[in-house]
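Enquirer: Sharing data-v4.cif, mmCIF, C-alpha atoms:
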data_coords
#
loop_
_atom_site.group_PDB
_atom_site.id
_atom_site.type_symbol
_atom_site.label_atom_id
_atom_site.label_comp_id
_atom_site.auth_asym_id
_atom_site.auth_seq_id
_atom_site.Cartn_x
_atom_site.Cartn_y
_atom_site.Cartn_z
ATOM 1 C CA MET U 1 87.267 77.809 111.689
ATOM 2 C CA LYS U 2 89.858 75.089 112.253
ATOM 3 C CA LYS U 3 87.772 72.139 111.084
ATOM 4 C CA LYS U 4 89.909 69.417 109.580
ATOM 5 C CA ASN U 5 87.072 67.682 107.720
ATOM 6 C CA ASN U 6 85.432 70.752 106.187
ATOM 7 C CA GLN U 7 85.830 71.507 102.510
ATOM 8 C CA VAL U 8 87.908 74.628 101.910
ATOM 9 C CA ILE U 9 87.588 76.795 98.796
ATOM 10 C CA ILE U 10 90.345 79.390 98.393
ATOM 11 C CA PHE U 11 89.801 82.010 95.715
ATOM 12 C CA ASP U 12 92.289 84.209 93.951
ATOM 13 C CA PHE U 13 90.967 87.783 93.898
ATOM 14 C CA ASP U 14 91.693 89.584 90.612
ATOM 15 C CA GLY U 15 90.341 87.678 87.630
ATOM 16 C CA VAL U 16 88.334 85.294 89.820
ATOM 17 C CA LEU U 17 86.126 87.321 92.168
ATOM 18 C CA ILE U 18 86.702 90.757 90.663
ATOM 19 C CA ASN U 19 87.335 92.072 87.172
ATOM 20 C CA SER U 20 89.954 94.730 87.851
ATOM 21 C CA LYS U 21 91.657 94.860 84.457
ATOM 22 C CA LYS U 22 90.461 98.400 83.664
ATOM 23 C CA ASN U 23 91.538 99.555 87.117
ATOM 24 C CA MET U 24 94.983 98.017 86.599
ATOM 25 C CA GLN U 25 95.325 99.552 83.152
ATOM 26 C CA ILE U 26 94.576 103.068 84.389
ATOM 27 C CA SER U 27 96.796 102.622 87.450
ATOM 28 C CA TRP U 28 99.708 101.228 85.444
ATOM 29 C CA ASN U 29 99.539 103.859 82.704
ATOM 30 C CA LYS U 30 99.439 106.696 85.262
ATOM 31 C CA THR U 31 102.358 105.151 87.164
ATOM 32 C CA LYS U 32 104.315 104.440 83.993
ATOM 33 C CA GLU U 33 103.940 108.068 82.948
ATOM 34 C CA LYS U 34 105.017 109.430 86.332
ATOM 35 C CA PHE U 35 108.153 107.269 86.569
ATOM 36 C CA PHE U 36 109.049 107.363 82.848
ATOM 37 C CA LEU U 37 108.710 103.593 82.482
ATOM 38 C CA SER U 38 108.722 102.145 78.982
ATOM 39 C CA TYR U 39 106.792 98.952 79.711
ATOM 40 C CA SER U 40 103.352 98.796 78.132
ATOM 41 C CA PHE U 41 100.273 97.692 80.031
ATOM 42 C CA GLN U 42 100.179 94.564 77.871
ATOM 43 C CA LYS U 43 103.657 93.600 79.120
ATOM 44 C CA TYR U 44 102.687 94.412 82.695
ATOM 45 C CA PHE U 45 99.476 92.411 82.450
ATOM 46 C CA LYS U 46 101.296 89.290 81.263
ATOM 47 C CA GLN U 47 103.177 89.240 84.573
ATOM 48 C CA ILE U 48 100.275 89.576 86.987
ATOM 49 C CA GLY U 49 99.562 86.926 89.582
ATOM 50 C CA LYS U 50 102.881 87.486 91.321
ATOM 51 C CA PRO U 51 103.535 90.076 94.059
ATOM 52 C CA PHE U 52 103.886 93.592 92.619
ATOM 53 C CA LYS U 53 107.638 93.867 93.222
ATOM 54 C CA ASP U 54 108.187 90.534 91.459
ATOM 55 C CA VAL U 55 106.163 91.856 88.518
ATOM 56 C CA LEU U 56 108.410 94.930 88.350
ATOM 57 C CA ILE U 57 111.545 92.779 88.471
ATOM 58 C CA SER U 58 110.180 90.537 85.708
ATOM 59 C CA LEU U 59 109.634 93.623 83.561
ATOM 60 C CA GLY U 60 113.208 94.790 84.100
ATOM 61 C CA VAL U 61 112.636 97.589 86.612
ATOM 62 C CA LYS U 62 115.772 97.974 88.736
ATOM 63 C CA LYS U 63 114.989 100.684 91.283
ATOM 64 C CA LYS U 64 112.341 102.785 93.054
ATOM 65 C CA PHE U 65 110.231 99.685 93.751
ATOM 66 C CA ASN U 66 108.548 101.183 96.821
ATOM 67 C CA GLU U 67 107.789 104.520 95.181
ATOM 68 C CA ILE U 68 106.362 102.861 92.084
ATOM 69 C CA GLU U 69 104.205 100.496 94.131
ATOM 70 C CA LYS U 70 102.961 103.312 96.368
ATOM 71 C CA ASN U 71 101.856 105.327 93.342
ATOM 72 C CA PHE U 72 100.199 102.299 91.722
ATOM 73 C CA LYS U 73 98.237 101.618 94.930
ATOM 74 C CA TYR U 74 97.175 105.271 95.101
ATOM 75 C CA GLU U 75 95.873 105.205 91.526
ATOM 76 C CA SER U 76 94.191 101.852 92.104
ATOM 77 C CA GLU U 77 92.256 103.087 95.131
ATOM 78 C CA LYS U 78 91.441 106.343 93.377
ATOM 79 C CA ASN U 79 89.867 104.400 90.496
ATOM 80 C CA PHE U 80 88.074 101.804 92.596
ATOM 81 C CA ASN U 81 84.855 102.401 90.618
ATOM 82 C CA LYS U 82 86.485 100.635 87.639
ATOM 83 C CA ILE U 83 86.455 97.349 89.596
ATOM 84 C CA LYS U 84 83.460 95.071 89.124
ATOM 85 C CA LEU U 85 82.407 91.853 90.784
ATOM 86 C CA TYR U 86 81.961 88.987 88.369
ATOM 87 C CA LYS U 87 78.371 87.851 87.951
ATOM 88 C CA ASN U 88 76.921 85.739 90.785
ATOM 89 C CA VAL U 89 79.909 86.169 93.128
ATOM 90 C CA LEU U 90 77.836 87.163 96.166
ATOM 91 C CA LYS U 91 75.192 84.533 95.451
ATOM 92 C CA THR U 92 77.821 81.795 95.099
ATOM 93 C CA LEU U 93 79.700 82.762 98.261
ATOM 94 C CA ASN U 94 76.412 82.705 100.189
ATOM 95 C CA TYR U 95 75.661 79.249 98.770
ATOM 96 C CA LEU U 96 79.059 77.956 99.910
ATOM 97 C CA LYS U 97 78.487 79.354 103.398
ATOM 98 C CA ARG U 98 75.146 77.580 103.650
ATOM 99 C CA LYS U 99 76.952 74.359 102.730
ATOM 100 C CA LYS U 100 79.351 74.937 105.668
ATOM 101 C CA ILE U 101 82.292 75.284 103.285
ATOM 102 C CA ILE U 102 85.196 77.398 104.530
ATOM 103 C CA ILE U 103 85.912 80.266 102.129
ATOM 104 C CA GLY U 104 89.163 82.174 101.806
ATOM 105 C CA ILE U 105 91.002 84.566 99.519
ATOM 106 C CA PHE U 106 94.664 84.155 98.609
ATOM 107 C CA THR U 107 95.915 87.012 96.469
ATOM 108 C CA SER U 108 99.132 88.741 95.451
ATOM 109 C CA LYS U 109 97.451 92.101 96.028
ATOM 110 C CA ASP U 110 98.679 93.929 99.127
ATOM 111 C CA LYS U 111 96.702 93.521 102.332
ATOM 112 C CA ASP U 112 95.642 97.169 102.668
ATOM 113 C CA ARG U 113 93.928 97.382 99.276
ATOM 114 C CA THR U 114 92.541 93.857 99.517
ATOM 115 C CA GLU U 115 90.801 94.581 102.814
ATOM 116 C CA LYS U 116 89.471 97.943 101.586
ATOM 117 C CA PHE U 117 88.141 96.470 98.351
ATOM 118 C CA ILE U 118 86.572 93.474 100.101
ATOM 119 C CA LYS U 119 84.783 95.815 102.501
ATOM 120 C CA LYS U 120 83.535 98.078 99.720
ATOM 121 C CA LEU U 121 82.312 95.114 97.690
ATOM 122 C CA LYS U 122 80.622 93.601 100.768
ATOM 123 C CA LEU U 123 82.383 90.251 100.466
ATOM 124 C CA VAL U 124 82.365 88.035 103.544
ATOM 125 C CA VAL U 125 84.985 85.272 103.769
ATOM 126 C CA ASN U 126 86.563 83.262 106.571
ATOM 127 C CA PHE U 127 90.135 84.371 105.911
ATOM 128 C CA ILE U 128 92.338 86.508 103.675
ATOM 129 C CA GLN U 129 95.969 85.793 102.791
ATOM 130 C CA CYS U 130 98.073 88.449 101.080
ATOM 131 C CA PRO U 131 101.845 88.707 100.542
ATOM 132 C CA GLN U 132 103.600 88.538 103.898
ATOM 133 C CA LYS U 133 107.138 89.269 104.998
ATOM 134 C CA GLY U 134 109.166 86.109 105.442
ATOM 135 C CA TYR U 135 107.134 84.140 102.895
ATOM 136 C CA LYS U 136 107.710 83.799 99.157
ATOM 137 C CA GLY U 137 104.900 84.880 96.860
ATOM 138 C CA LYS U 138 103.351 82.896 94.014
ATOM 139 C CA PRO U 139 104.332 80.625 92.325
ATOM 140 C CA SER U 140 105.859 79.448 95.621
ATOM 141 C CA PRO U 141 103.507 77.320 97.757
ATOM 142 C CA ASP U 142 104.723 79.039 100.944
ATOM 143 C CA LEU U 143 101.569 81.015 101.692
ATOM 144 C CA LEU U 144 99.174 78.211 100.757
ATOM 145 C CA ASN U 145 101.139 75.942 103.083
ATOM 146 C CA LYS U 146 100.873 78.605 105.798
ATOM 147 C CA ILE U 147 97.084 78.742 105.383
ATOM 148 C CA ILE U 148 96.778 74.960 105.598
ATOM 149 C CA LYS U 149 99.108 74.521 108.561
ATOM 150 C CA GLN U 150 97.784 77.481 110.530
ATOM 151 C CA ASN U 151 94.172 76.317 110.215
ATOM 152 C CA ASN U 152 94.824 72.583 110.408
ATOM 153 C CA PHE U 153 93.095 72.048 107.045
ATOM 154 C CA ASN U 154 93.082 68.677 105.296
ATOM 155 C CA ARG U 155 94.961 69.205 101.997
ATOM 156 C CA SER U 156 92.737 66.723 100.175
ATOM 157 C CA LYS U 157 89.738 68.917 100.998
ATOM 158 C CA CYS U 158 91.339 72.190 99.849
ATOM 159 C CA THR U 159 90.729 73.699 96.412
ATOM 160 C CA TYR U 160 92.341 76.823 94.983
ATOM 161 C CA VAL U 161 90.409 78.657 92.267
ATOM 162 C CA GLY U 162 92.741 80.763 90.119
ATOM 163 C CA ASP U 163 93.170 82.152 86.639
ATOM 164 C CA THR U 164 96.930 82.203 86.013
ATOM 165 C CA LYS U 165 99.739 79.720 85.585
ATOM 166 C CA VAL U 166 101.343 80.906 88.816
ATOM 167 C CA ASP U 167 98.100 80.045 90.637
ATOM 168 C CA LEU U 168 98.236 76.529 89.204
ATOM 169 C CA ILE U 169 101.894 76.060 90.117
ATOM 170 C CA SER U 170 101.275 77.266 93.685
ATOM 171 C CA ALA U 171 98.382 74.840 94.137
ATOM 172 C CA LYS U 172 100.291 71.902 92.656
ATOM 173 C CA LYS U 173 103.349 72.550 94.828
ATOM 174 C CA ALA U 174 101.100 72.799 97.893
ATOM 175 C CA LYS U 175 99.498 69.488 96.839
ATOM 176 C CA ILE U 176 95.938 70.791 96.796
ATOM 177 C CA ASN U 177 93.245 70.763 94.119
ATOM 178 C CA PHE U 178 93.162 73.479 91.469
ATOM 179 C CA VAL U 179 90.270 74.850 89.429
ATOM 180 C CA LEU U 180 90.827 77.223 86.512
ATOM 181 C CA ALA U 181 88.490 80.210 86.219
ATOM 182 C CA ASN U 182 87.910 80.171 82.463
ATOM 183 C CA TYR U 183 86.114 83.509 82.669
ATOM 184 C CA GLY U 184 89.174 85.223 84.173
ATOM 185 C CA TYR U 185 92.417 86.541 82.723
ATOM 186 C CA LYS U 186 94.050 83.140 82.076
ATOM 187 C CA ILE U 187 97.595 84.513 82.108
ATOM 188 C CA GLY U 188 100.028 81.822 80.966
ATOM 189 C CA ILE U 189 97.343 79.136 80.881
ATOM 190 C CA LYS U 190 94.600 78.529 78.323
ATOM 191 C CA LYS U 191 92.882 75.410 79.599
ATOM 192 C CA TYR U 192 92.910 72.935 82.450
ATOM 193 C CA LYS U 193 91.091 69.671 83.149
ATOM 194 C CA ASN U 194 89.188 71.154 86.106
ATOM 195 C CA SER U 195 87.704 74.470 85.017
ATOM 196 C CA ILE U 196 84.594 76.611 85.430
ATOM 197 C CA ASN U 197 83.073 79.101 82.995
ATOM 198 C CA SER U 198 81.496 81.213 85.746
ATOM 199 C CA ILE U 199 81.982 81.347 89.492
ATOM 200 C CA SER U 200 78.682 79.535 90.044
ATOM 201 C CA GLY U 201 80.281 76.535 88.342
ATOM 202 C CA ILE U 202 82.150 75.834 91.588
ATOM 203 C CA LYS U 203 78.903 74.300 92.896
ATOM 204 C CA LYS U 204 79.298 71.317 90.566
ATOM 205 C CA ILE U 205 83.004 70.977 91.366
ATOM 206 C CA ILE U 206 82.366 70.545 95.092
ATOM 207 C CA GLU U 207 79.431 68.139 94.774
#
Spell out the structure here as structure tokens.
Expert:
Amino acid sequence: MKKKNNQVIIFDFDGVLINSKKNMQISWNKTKEKFFLSYSFQKYFKQIGKPFKDVLISLGVKKKFNEIEKNFKYESEKNFNKIKLYKNVLKTLNYLKRKKIIIGIFTSKDKDRTEKFIKKLKLVVNFIQCPQKGYKGKPSPDLLNKIIKQNNFNRSKCTYVGDTKVDLISAKKAKINFVLANYGYKIGIKKYKNSINSISGIKKIIE
């Protein structure tokens, strides 16, 4: 996979490949109820894009981070059927593969759920990058830099497709191209010069 001259398309997961908002809403409301949290789903949702613990800290949660996250993950997996692939995801990924483009996923979702969901949804990509100990999460460029360095990618040929402001900041700090998924959640960002209205729009971006 370490091909310096290949184009590399890195996708965010939630809000770009999958619509998981209903899953998140159910999972958050169940978790909020169990731990007597006062933060509404709307407030939670405005913070997504960052690692889960960072979301909790942003909300003002001060303790029981691990217990809260464990319960949220449990509810999320339990309600997997509420997650849907966006239209033409599989078709577009297959198109990119035929074009010899390297495809990856960089998400703030934990590795365990990401791998399970990818398997259930039958997504095939070249690599997956989730939060990792020793590296800062979004909006830090740490993990994008890790992907690039580890695989000897050419930064000028790398594009990150995201739907939040933290995605944009991560890409800019890593000095790679960014494309906004207009069809996604668009947390903290309403428009961007390079954008697509459906995942199939990435075909025109790469040409």
Enquirer: Given the choices U:Val16, U:Gln150, U:Ile26, U:Ser58, which gets closest to U:Gly201 if the distance is worked out from only C-alpha atoms?
Expert: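 Going through U:Val16, U:Gln150, U:Ile26, U:Ser58 one by one, the smallest distance to U:Gly201 is for U:Val16.
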Enquirer: Applied to the shown file, which residues does the PyMOL selection byres ((chain U and resi 78-81) around 12) return, written as a VMD selection string?
Expert: chain U and resid 18 to 28 30 71 to 77 82 to 85 113 to 114 116 to 118 120 to 121
Enquirer: Between U:Tyr160, U:Gln47, U:Leu37, U:Asp14, which one has atoms that come closest to U:Lys62, using all atoms listed in the file?
Expert: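 Of U:Tyr160, U:Gln47, U:Leu37, U:Asp14, the one nearest U:Lys62, counting all atoms listed in the file, is U:Leu37.
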Enquirer: Taking the file as shown, what set of residues would the PyMOL selection byres ((chain U and resi 139) around 8) give back, as an NGL selection string?
Expert: :U and (50 or 137-138 or 140-141 or 166-170)
Enquirer: Determine the residue set returned by the PyMOL selection byres ((chain U and resi 7) around 9) for the present structure, and present it as a list in words.
Expert: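 On the file shown, the PyMOL selection byres ((chain U and resi 7) around 9) covers Lys3, Lys4, Asn5, Asn6, Val8, Ile9, Lys100, Ile101, Ile102, Ile103, Phe153, Asn154, Ser156, Lys157, Cys158, Thr159 and Ile206 of chain U.
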Enquirer: For U:Pro131, find every residue with an atom within 8 Å (counting all atoms listed in the file), except residues of its own chain fewer than 4 positions away, and show them as number ranges by chain.
Expert: U: 51, 107-111, 135-137, 143
Enquirer: With all atoms listed in the file as the basis for distance, which of U:Val55, U:Val61, U:Ala171, U:Leu17 is at the shortest distance from U:Ser198?
Expert: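 Answer, going by the shortest atom-to-atom distance: U:Leu17.
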Enquirer: Starting from 5 Å padding per side, set up an axis-aligned box that covers all listed atoms of stretch 117-131 of chain U and hand over centre and edge lengths in Å, one decimal, as AutoDock Vina command-line options.
Expert:
--center_x 91.2 --center_y 90.7 --center_z 102.1 --size_x 31.2 --size_y 24.8 --size_z 18.9
Enquirer: Using Å and a single decimal, report how far atom CA of U:Asn94 sits from atom CA of U:Leu180.
Expert: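 We find that atom CA of U:Leu180 and atom CA of U:Asn94 lie 20.6 Å from each other.
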Enquirer: With distances taken over all atoms listed in the file, which of U:Val124, U:Ser38, U:Tyr44, U:Lys190 is nearest to U:Lys91?
Expert: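 Among the listed residues, U:Val124 lies closest to U:Lys91.
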Enquirer: Please compute the atom CA of U:Ile205-atom CA of U:Lys149 distance, one decimal, in Å.
Expert: 23.8 Å
Enquirer: From the list U:Leu90, U:Asn29, U:Ile57, U:Asp163, which residue is nearest U:Lys122 when using all atoms listed in the file?
Expert: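 Ranked by minimum distance to U:Lys122, first place goes to U:Leu90.
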Enquirer: Just give me the gap between atom CA of U:Tyr185 and atom CA of U:Lys165 in Å, one decimal is fine.
Expert: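 If I compute the distance from atom CA of U:Tyr185 to atom CA of U:Lys165, I get 10.4 Å.
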Enquirer: Given only C-alpha atoms as the basis, pick out the residue of U:Phe52, U:Gln129, U:Asp112, U:Gly15 nearest to U:Ile187.
Expert: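 With only C-alpha atoms as the atom set, the closest residue is U:Gly15.
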Enquirer: Mind rebuilding stretch 119-130 of chain U with all heavy atoms and writing that out as a CSV table (one decimal), in the coordinates of the input?
Expert:
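The new file result-v5.csv reads:
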chain,number,residue,atom,x,y,z
U,119,LYS,N,85.8,95.1,101.7
U,119,LYS,CA,84.8,95.8,102.5
U,119,LYS,C,83.8,96.6,101.6
U,119,LYS,O,82.6,96.5,101.8
U,119,LYS,CB,85.5,96.8,103.5
U,119,LYS,CG,84.5,97.5,104.4
U,119,LYS,CD,85.3,98.3,105.5
U,119,LYS,CE,84.3,99.0,106.4
U,119,LYS,NZ,85.0,99.8,107.4
U,120,LYS,N,84.4,97.3,100.6
U,120,LYS,CA,83.5,98.1,99.7
U,120,LYS,C,82.6,97.2,98.9
U,120,LYS,O,81.5,97.6,98.6
U,120,LYS,CB,84.4,98.9,98.8
U,120,LYS,CG,85.1,100.1,99.5
U,120,LYS,CD,85.9,101.0,98.5
U,120,LYS,CE,86.5,102.2,99.2
U,120,LYS,NZ,87.3,103.0,98.2
U,121,LEU,N,83.1,96.0,98.5
U,121,LEU,CA,82.3,95.1,97.7
U,121,LEU,C,81.4,94.2,98.5
U,121,LEU,O,80.7,93.4,98.0
U,121,LEU,CB,83.3,94.3,96.8
U,121,LEU,CG,84.1,95.0,95.8
U,121,LEU,CD1,85.2,94.2,95.3
U,121,LEU,CD2,83.2,95.5,94.6
U,122,LYS,N,81.5,94.3,99.8
U,122,LYS,CA,80.6,93.6,100.8
U,122,LYS,C,80.8,92.1,100.7
U,122,LYS,O,79.8,91.3,100.7
U,122,LYS,CB,79.2,94.0,100.6
U,122,LYS,CG,78.9,95.5,100.8
U,122,LYS,CD,77.4,95.8,100.6
U,122,LYS,CE,77.2,97.3,100.9
U,122,LYS,NZ,75.8,97.7,100.6
U,123,LEU,N,82.1,91.7,100.5
U,123,LEU,CA,82.4,90.3,100.5
U,123,LEU,C,82.7,89.8,101.9
U,123,LEU,O,83.3,90.4,102.7
U,123,LEU,CB,83.6,90.0,99.6
U,123,LEU,CG,83.5,90.4,98.1
U,123,LEU,CD1,84.9,90.2,97.4
U,123,LEU,CD2,82.4,89.6,97.4
U,124,VAL,N,82.1,88.6,102.2
U,124,VAL,CA,82.4,88.0,103.5
U,124,VAL,C,83.0,86.7,103.4
U,124,VAL,O,82.4,85.8,102.8
U,124,VAL,CB,81.0,87.9,104.3
U,124,VAL,CG1,81.3,87.3,105.7
U,124,VAL,CG2,80.4,89.3,104.5
U,125,VAL,N,84.3,86.5,103.9
U,125,VAL,CA,85.0,85.3,103.8
U,125,VAL,C,85.6,84.9,105.1
U,125,VAL,O,85.6,85.8,106.0
U,125,VAL,CB,86.1,85.4,102.7
U,125,VAL,CG1,85.5,85.6,101.3
U,125,VAL,CG2,87.1,86.5,103.1
U,126,ASN,N,86.0,83.7,105.3
U,126,ASN,CA,86.6,83.3,106.6
U,126,ASN,C,88.0,83.7,106.8
U,126,ASN,O,88.4,83.9,108.0
U,126,ASN,CB,86.5,81.7,106.7
U,126,ASN,CG,85.1,81.2,106.7
U,126,ASN,OD1,84.7,80.6,105.7
U,126,ASN,ND2,84.4,81.4,107.7
U,127,PHE,N,88.8,83.9,105.7
U,127,PHE,CA,90.1,84.4,105.9
U,127,PHE,C,90.7,85.0,104.6
U,127,PHE,O,90.1,84.8,103.5
U,127,PHE,CB,91.1,83.2,106.3
U,127,PHE,CG,91.2,82.1,105.3
U,127,PHE,CD1,92.2,82.2,104.3
U,127,PHE,CD2,90.4,81.0,105.4
U,127,PHE,CE1,92.4,81.2,103.4
U,127,PHE,CE2,90.6,80.0,104.4
U,127,PHE,CZ,91.5,80.1,103.4
U,128,ILE,N,91.7,85.8,104.8
U,128,ILE,CA,92.3,86.5,103.7
U,128,ILE,C,93.8,86.3,103.8
U,128,ILE,O,94.4,86.5,104.9
U,128,ILE,CB,92.0,88.0,103.7
U,128,ILE,CG1,90.5,88.3,103.6
U,128,ILE,CG2,92.8,88.7,102.5
U,128,ILE,CD1,90.2,89.7,104.0
U,129,GLN,N,94.5,85.9,102.8
U,129,GLN,CA,96.0,85.8,102.8
U,129,GLN,C,96.6,86.6,101.7
U,129,GLN,O,96.3,86.4,100.5
U,129,GLN,CB,96.4,84.3,102.7
U,129,GLN,CG,97.9,84.1,102.8
U,129,GLN,CD,98.5,84.5,104.1
U,129,GLN,OE1,98.1,84.0,105.1
U,129,GLN,NE2,99.3,85.5,104.1
U,130,CYS,N,97.4,87.6,102.0
U,130,CYS,CA,98.1,88.4,101.1
U,130,CYS,C,99.6,88.2,101.2
U,130,CYS,O,100.0,87.5,102.1
U,130,CYS,CB,97.7,89.9,101.4
U,130,CYS,SG,96.0,90.3,101.3
